[in-house]
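A.B. asks: Structure incoming, see below.
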Amino acid sequence: MTEDLAISSGLLAAQKRQTPGRHRTLGDALQWSYQLLDSVEQAVFQELAIFPGEFTVAAAEHMVSTKLENPTRLVDVLCSLVEKSLITLQAGTQPTRYRYLTMLRAYALEQLANRTAAMIEKHARFVEELVSQAQQDWMSLPTTQWKRQYEHHIDDIRAALDWSLSDSQHCAQGLRILTDSAPFWIQLSLHDECRQRIITVMEDTKFPPVEEHQEMMIQAALATSLTWSRGPVAANKRAWTRASDLSLRLDHKETQLQAEYGLWLHHLRHGDYAQALDHAKSMADLALRHHDQAALLTARRLIGTSHHFLGNQTESSLEIEAMLDSYARDERHGSHFRFGLDQRVAGWAFLSRTLWLMGNTTKARRAAQIAIDEATALDHACTLCCALAEGSGTLAALSGDVEEVRRVSQQLSQVAGNHGLDFWGLYGSAFSLWAKVFQDPNAVSFTELRSTLETLQSHGFDPAYSVFLSDFANAMLEQGHTREAASLIDTRLAGDAAGQLWNAPELMRIKSRTLSEKKPSQRGPRSLILQQALTLARAQGAKAWELRIANEHVA
């Protein structure tokens with residue numbers, strides 16, 4: 001808001017300094033048009049310029065302080081301003097929305113003059129009420145209706161936050177707006193912008209201490225933004241843990257559910273699959289206690305996904321398919337993005353991995369495509385990134401489809417870059433390198449392979465979560481770095497939980513290639529580990545790994 005006002009003053013001052021020409025002519029025409037307005041039209045034209053973006057008649061009614069005489073209505077005034085080309089009617093919007101062109105808004109704000117400060121404050125109060133209602137409606141309205149009613153107000157929120165959080169006198173109001181605006185950042189996949197705003201507030205010493213409920217909401221918003229913009233970094237776990245502790249103390253059901261989901265995803269990406277399953281089950285128990293069917297279906301998806309990573313493919317497919325069947329029978333499950341992305345899309349994406357491991361290649365491809373199609377229809381960046389990375393990208397890599405991996409990595413990097421979703425961008429970069437490696441193991445240096453794995457780990461991401469550890473280690477082996485490849489695999493397979501890892505049989509197969517048969521007439525170390533890998537693959541119901549190991553035996 002402050003920046004817009006500065007721009008407006010600069011534009012008009014420059015306009016006055018300009019020599020006669022096109023800009024001066026435009027300025028004269030604008031002044032002439034303005035002077036033809038009656039006093040009511042002039043006042044409305046000035047006051048509604050306080051909106052930085054699109055606004056509806058309903059929003060305008062909250063802001064206009066000018067008394068309209070019967071039978072004059074605000075909508076008539078707006079129509080008159082549109083006819084005179086002083087404001088613009090946005091085509092195809094429902095409900096109807098209006099906006100100012102930049103130069104027209106700058107002129108209107110200058111005419112507002114000494115009433116500007118009061119209008120800015122009034123606008124901030126409007127935004128505060130708006131985001132409070134939007135927060136409540138987020139849980140009850142269908143996503144399409146919520147988007148239609150609220151999504152275009154993101155510029156209003158930005159303006160109100162910029163104004164309120166820059167002044168200690170209004171910072172408490174700014175915190176309330178920031179706290180309640182979380183659904184907007186989720187809906188628009190603007191998680192990094194949300195993260196930056198919250199971090200700025202938390203690091204600013206001028207802000208007074210907040211009460212526990214507000215801290216809980218801020219920590220949950222921060223944790224959500226970190227989940228999708230940065231991934232399983234340490235700060236993500238700290239924020240979710242703090243939000244969880246406060247939600248338990250305050251008996252706040254929704255934040256308890258959100259924290260269980262957030263901690264599940266943190267542990268899943270970090271490679272702590274047993275802990276992830278515990279959080280998924282805790283979320284299911286909580287949803288059952290509160291008769292929250294939508295949260296229960298989400299928890300079933302989480303349980304199924306956890307089983308996939310733990311190597312329990314049959315249990316995984318049963319849970320995820322049951323969840324998808326429930327969605328097919330009843331589409332009334334509130335917001336698509338209550339937990340950050342669409343759960344049905346995520347279900348199809350992870351199911352495609354499970355089906356591929358079980359040997360159902362055709363069904364796996366269909367599931368991955370459904371995820372892409374539904375994510376595209378929803379027009380939600382974070383959901384689309386999930387479909388690309390967890391579904392079609394991973395499936396293509398498992399199938400050795402280099403061109404598809406390359407295509408997915410490009411799209412993933414583009415979508416992530418456009419929305420500041422650095423975690424998904426990291427995924428896209430790793431897939432891009434995978435495509436080079438799979439096409440030619442010697443096209444990428446050992447140093448770059450190792451550096452990429454270290455970068456993933458520095459962001460808390462388990463390299464064995466996807467195909468990167470196994471296939472990069474295999475490339476190292478092809479390059480002659482046998483000891484280093486073996487060490488990477490041994491580190492991940494160490495401990496009692498080695499058998500509870502979705503790609504443990506594949507890692508063991510690659511590990512076998514670092515060993516030699518010292519006595520061909522006897523079963524040596526290589527044959528032994530291949531047999532162990534085959535036994536584990538059968539126990540996991542992973543026919544795809546069985547086939548690879550059998551081929552290794554033959555070779």
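If you're wondering about the labels, chains in the structure tokens are A, B, ... by order shown, residues count from 1 in each chain, ligands from 1 in order shown.
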Give me the residues near Trp185 in chain A as a count of residues only, where near means some atom within 8 Å (using only C-alpha atoms) and where sequence neighbours in that chain fewer than 6 positions away do not count.
C.D. replies: 3
A.B. asks: At a cut-off of 9 Å, using only C-alpha atoms, what residues contact range 310-323 of chain A? Leave out same-chain residues fewer than 5 positions from it and give the result as number ranges by chain.
C.D. replies: A: 273-274, 277, 297-298, 300-305, 328, 344, 347-348, 350-351, 354-355, 357-358, 497, 499-504, 537, 539-542
A.B. asks: Residues within 10 Å of Gly420 in chain A, please, as JSON, numbers by chain. Count only C-alpha atoms; anything in the same chain fewer than 4 positions from it doesn't count.
C.D. replies: {"A": [189, 190, 191, 192, 193, 228, 229, 230, 415, 416, 424, 425]}
A.B. asks: Output N, CA and C atoms of each residue in that selection to a file, as an mmCIF file, in the first residue's frame.
C.D. replies:
```cif
data_model
loop_
_atom_site.group_PDB
_atom_site.id
_atom_site.type_symbol
_atom_site.label_atom_id
_atom_site.label_comp_id
_atom_site.auth_asym_id
_atom_site.auth_seq_id
_atom_site.Cartn_x
_atom_site.Cartn_y
_atom_site.Cartn_z
ATOM 1 N N SER A 189 -0.566 -21.421 -3.495
ATOM 2 C CA SER A 189 0.766 -22.035 -3.454
ATOM 3 C C SER A 189 1.867 -20.985 -3.292
ATOM 4 N N LEU A 190 1.601 -19.975 -2.477
ATOM 5 C CA LEU A 190 2.572 -18.900 -2.232
ATOM 6 C C LEU A 190 3.259 -19.127 -0.883
ATOM 7 N N HIS A 191 3.764 -20.327 -0.691
ATOM 8 C CA HIS A 191 4.295 -20.711 0.616
ATOM 9 C C HIS A 191 5.572 -19.958 0.981
ATOM 10 N N ASP A 192 6.408 -19.672 0.004
ATOM 11 C CA ASP A 192 7.646 -18.989 0.349
ATOM 12 C C ASP A 192 7.387 -17.539 0.735
ATOM 13 N N GLU A 193 6.425 -16.897 0.096
ATOM 14 C CA GLU A 193 6.062 -15.535 0.487
ATOM 15 C C GLU A 193 5.523 -15.527 1.915
ATOM 16 N N TRP A 228 6.239 -26.921 2.306
ATOM 17 C CA TRP A 228 6.134 -26.925 0.849
ATOM 18 C C TRP A 228 7.183 -26.060 0.165
ATOM 19 N N SER A 229 7.793 -25.128 0.894
ATOM 20 C CA SER A 229 8.797 -24.277 0.253
ATOM 21 C C SER A 229 10.222 -24.735 0.526
ATOM 22 N N ARG A 230 10.453 -25.389 1.668
ATOM 23 C CA ARG A 230 11.812 -25.769 2.036
ATOM 24 C C ARG A 230 11.981 -27.280 2.252
ATOM 25 N N VAL A 415 7.142 -24.936 -12.692
ATOM 26 C CA VAL A 415 6.034 -24.666 -11.773
ATOM 27 C C VAL A 415 6.579 -24.272 -10.400
ATOM 28 N N ALA A 416 7.573 -25.007 -9.919
ATOM 29 C CA ALA A 416 8.158 -24.707 -8.608
ATOM 30 C C ALA A 416 8.808 -23.329 -8.600
ATOM 31 N N TRP A 424 10.234 -28.524 -4.192
ATOM 32 C CA TRP A 424 9.866 -29.207 -5.426
ATOM 33 C C TRP A 424 10.880 -28.895 -6.525
ATOM 34 N N GLY A 425 11.455 -27.687 -6.499
ATOM 35 C CA GLY A 425 12.493 -27.349 -7.461
ATOM 36 C C GLY A 425 13.732 -28.207 -7.287
#
```
A.B. asks: Apply DSSP to the structure's backbone, then extract all residues of range 266-298 of chain A labelled helix (DSSP H, G or I) and return them as a list in words.
C.D. replies: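 Of range 266-298 of chain A, only His266, His267, Leu268, Arg269, His270, Tyr273, Ala274, Gln275, Ala276, Leu277, Asp278, His279, Ala280, Lys281, Ser282, Met283, Ala284, Asp285, Leu286, Ala287, Leu288, Arg289, Gln293, Ala294, Ala295, Leu296, Leu297 and Thr298 of chain A fall in helix (DSSP H, G or I).
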